[in-house]
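One structure is given below, encoded as structure tokens.
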Amino acid sequence: MRQLYSLCGENGVSYSPHVWKVIMALHHKQLDFTISPVDFSTISKIEGGAFSSVPVLRDGDRVMGDSFDICEYLEQAYPEAPSLFEGDGGRRMARFFESYCMSMLHPPLSVIVALDMYNVMGESDQKYFREKREGRFGVSLETLAGRGAAERVVLNERLAPLRDLLTNQPWICGDKQLFPDYIVFGTLQWCWIVGARDLLAENDPVRIWFSRCQDLFGGVAREVGAT
């Protein structure tokens, strides 16, 4: 059985965007796995202290970190299962969307959901997160949350290319979901789980696509997020 280490809130629900990429990829590959919850204080104890961040996946004797590296491994190790990339073009597309999410979407979202993230954490994680995030931004989490409205405008603008793409096709790469979808989905699922569920209008093509992603694999993402 594969073991996926995941950063989880006090209620045990995974909220890391990078973990969600791997969760969706494992389901796509039709592979069984269990989730081992960790918090910030126990990440350093994963697999004997070999990792400083999640996700971490153990698959038999193989242990690896970094969401993209994990999914490339899954593609190579299980070629008979549905492909995550469908060739080098899909892999390159995934790299682009990885960069797009990290450079364009995560910065405004990190402000918008900072206080939401804090509120789903256990007490020990709250102390750690407050110190790190307030040190990074130089203001309190409460002050940071006050900047959320302006960052929502930025987010809406930065989603425009994705919105245009999804107006004309159901999935990022065309007629079927592939790893690029899971990369962007993980980013928005992170926000949805911690409570920021009003980022997009109901008729926004990105919102419609996101809901379609949540319905994949028997609705596992919607079911888990609802807890």
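FYI, nothing fancy with the structure tokens labels: chains A, B, ... in order, residues from 1 per chain, ligands from 1 as they appear.
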Contacts between stretch 140-152 of chain A and stretch 75-111 of chain A, please, where a residue of stretch 75-111 of chain A counts if it comes within 12 Å (with only C-alpha atoms); show its shortest atom pair and distance in Å to one decimal, rows by chain and ascending number, as a Markdown table.
| residue | atom | partner | partner_atom | distance |
| --- | --- | --- | --- | --- |
| A:Met104 | CA | A:Glu151 | CA | 11.4 |
| A:Leu105 | CA | A:Glu151 | CA | 10.1 |
| A:His106 | CA | A:Glu151 | CA | 10.7 |
| A:Pro107 | CA | A:Glu151 | CA | 8.8 |
| A:Pro108 | CA | A:Glu151 | CA | 5.1 |
| A:Leu109 | CA | A:Glu151 | CA | 7.4 |
| A:Ser110 | CA | A:Glu151 | CA | 9.3 |
| A:Val111 | CA | A:Gly148 | CA | 6.1 |
(request) Just the residues within 8 Å of A:Val19, please, counting only C-alpha atoms, with nothing from its chain fewer than 5 positions along; format it as number ranges by chain. (result) A: 6-7, 14, 54-55, 67, 186
(message) So that I can see what lies close to A:Trp20, please list as a PyMOL selection string the residues with an atom at most 10 Å from it, counting only C-alpha atoms and leaving out residues fewer than 5 positions away in the same chain.
(response) chain A and resi 6+14-15+25-26+55+67+182-190+221
(request) Please identify all polymer residues within 12 Å of A:Val13, counting only C-alpha atoms, omitting same-chain residues fewer than 6 positions from it, and present them as a ChimeraX atom specification. (result) /A:5-7,19-20,35-39,117,120-122,189-190,192-194,221-227
(request) Using atom CA of A:Asp125 and atom CA of A:Cys191 as the two end points, give the distance in Å to one decimal. (result) 17.6 Å
(message) Report, in Å to a single decimal, how far apart atom CA of A:Arg58 and atom CA of A:Asp181 are.
(response) 23.5 Å
(request) Could you please write out, as number ranges by chain, every residue of stretch 50-193 of chain A that DSSP assigns to alpha helix (DSSP H)? (result) A: 67-77, 88-100, 106-112, 114-120, 123-137, 141-145, 148-158, 160-168, 179-193
(request) Could you check which of A:Arg207, A:His27, A:Arg62, A:Arg158 is closest to A:Cys101, using only C-alpha atoms? (result) A:Arg158
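Going from atom CA of A:Leu115 over to atom CA of A:Gly12, you cover 18.1 Å.
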(request) Considering only C-alpha atoms, state which residue in the set A:Asp32, A:Phe68, A:Ser53, A:Asn156 is at the smallest distance from A:Phe96. (result) A:Phe68
(request) Would you list the contacts of stretch 160-169 of chain A as a list of chain:residue names, taking every protein, DNA or RNA residue within 7 Å and counting only C-alpha atoms, but skipping same-chain residues closer than 4 positions in sequence? (result) A:Asn156, A:Gly174, A:Asp175, A:Pro205, A:Val206
For the residues selected in the previous step, produce a file with N, CA and C atoms as an mmCIF file, in the first residue's frame.
data_model
loop_
_atom_site.group_PDB
_atom_site.id
_atom_site.type_symbol
_atom_site.label_atom_id
_atom_site.label_comp_id
_atom_site.auth_asym_id
_atom_site.auth_seq_id
_atom_site.Cartn_x
_atom_site.Cartn_y
_atom_site.Cartn_z
ATOM 1 N N ASN A 156 -8.349 37.672 -9.955
ATOM 2 C CA ASN A 156 -9.302 37.622 -11.059
ATOM 3 C C ASN A 156 -8.631 37.961 -12.385
ATOM 4 N N GLY A 174 -7.678 19.869 -23.327
ATOM 5 C CA GLY A 174 -8.631 19.539 -24.373
ATOM 6 C C GLY A 174 -9.817 18.740 -23.880
ATOM 7 N N ASP A 175 -9.938 17.514 -24.366
ATOM 8 C CA ASP A 175 -11.130 16.711 -24.117
ATOM 9 C C ASP A 175 -11.032 15.782 -22.909
ATOM 10 N N PRO A 205 -16.147 30.278 -15.998
ATOM 11 C CA PRO A 205 -15.682 29.013 -16.568
ATOM 12 C C PRO A 205 -14.674 28.287 -15.688
ATOM 13 N N VAL A 206 -13.867 29.026 -14.940
ATOM 14 C CA VAL A 206 -12.908 28.379 -14.035
ATOM 15 C C VAL A 206 -13.656 27.702 -12.884
#
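Take the candidates A:Arg95, A:Lys29, A:Lys45, A:Arg136 and check each one against A:Glu75 using only C-alpha atoms; the shortest distance goes to A:Lys29.
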(message) For the strand (DSSP E or B) assignment from backbone DSSP, which residues of stretch 10-45 of chain A qualify? Please present them as a list of chain:residue names.
(response) A:Ser14, A:Phe33, A:Thr34, A:Ile35, A:Ser36, A:Pro37, A:Val38
(message) Considering only C-alpha atoms, can you say which of A:Leu200, A:Cys8, A:Leu178, A:Pro79 comes closest to A:Glu157?
(response)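 Closest to A:Glu157, using only C-alpha atoms: A:Leu200.
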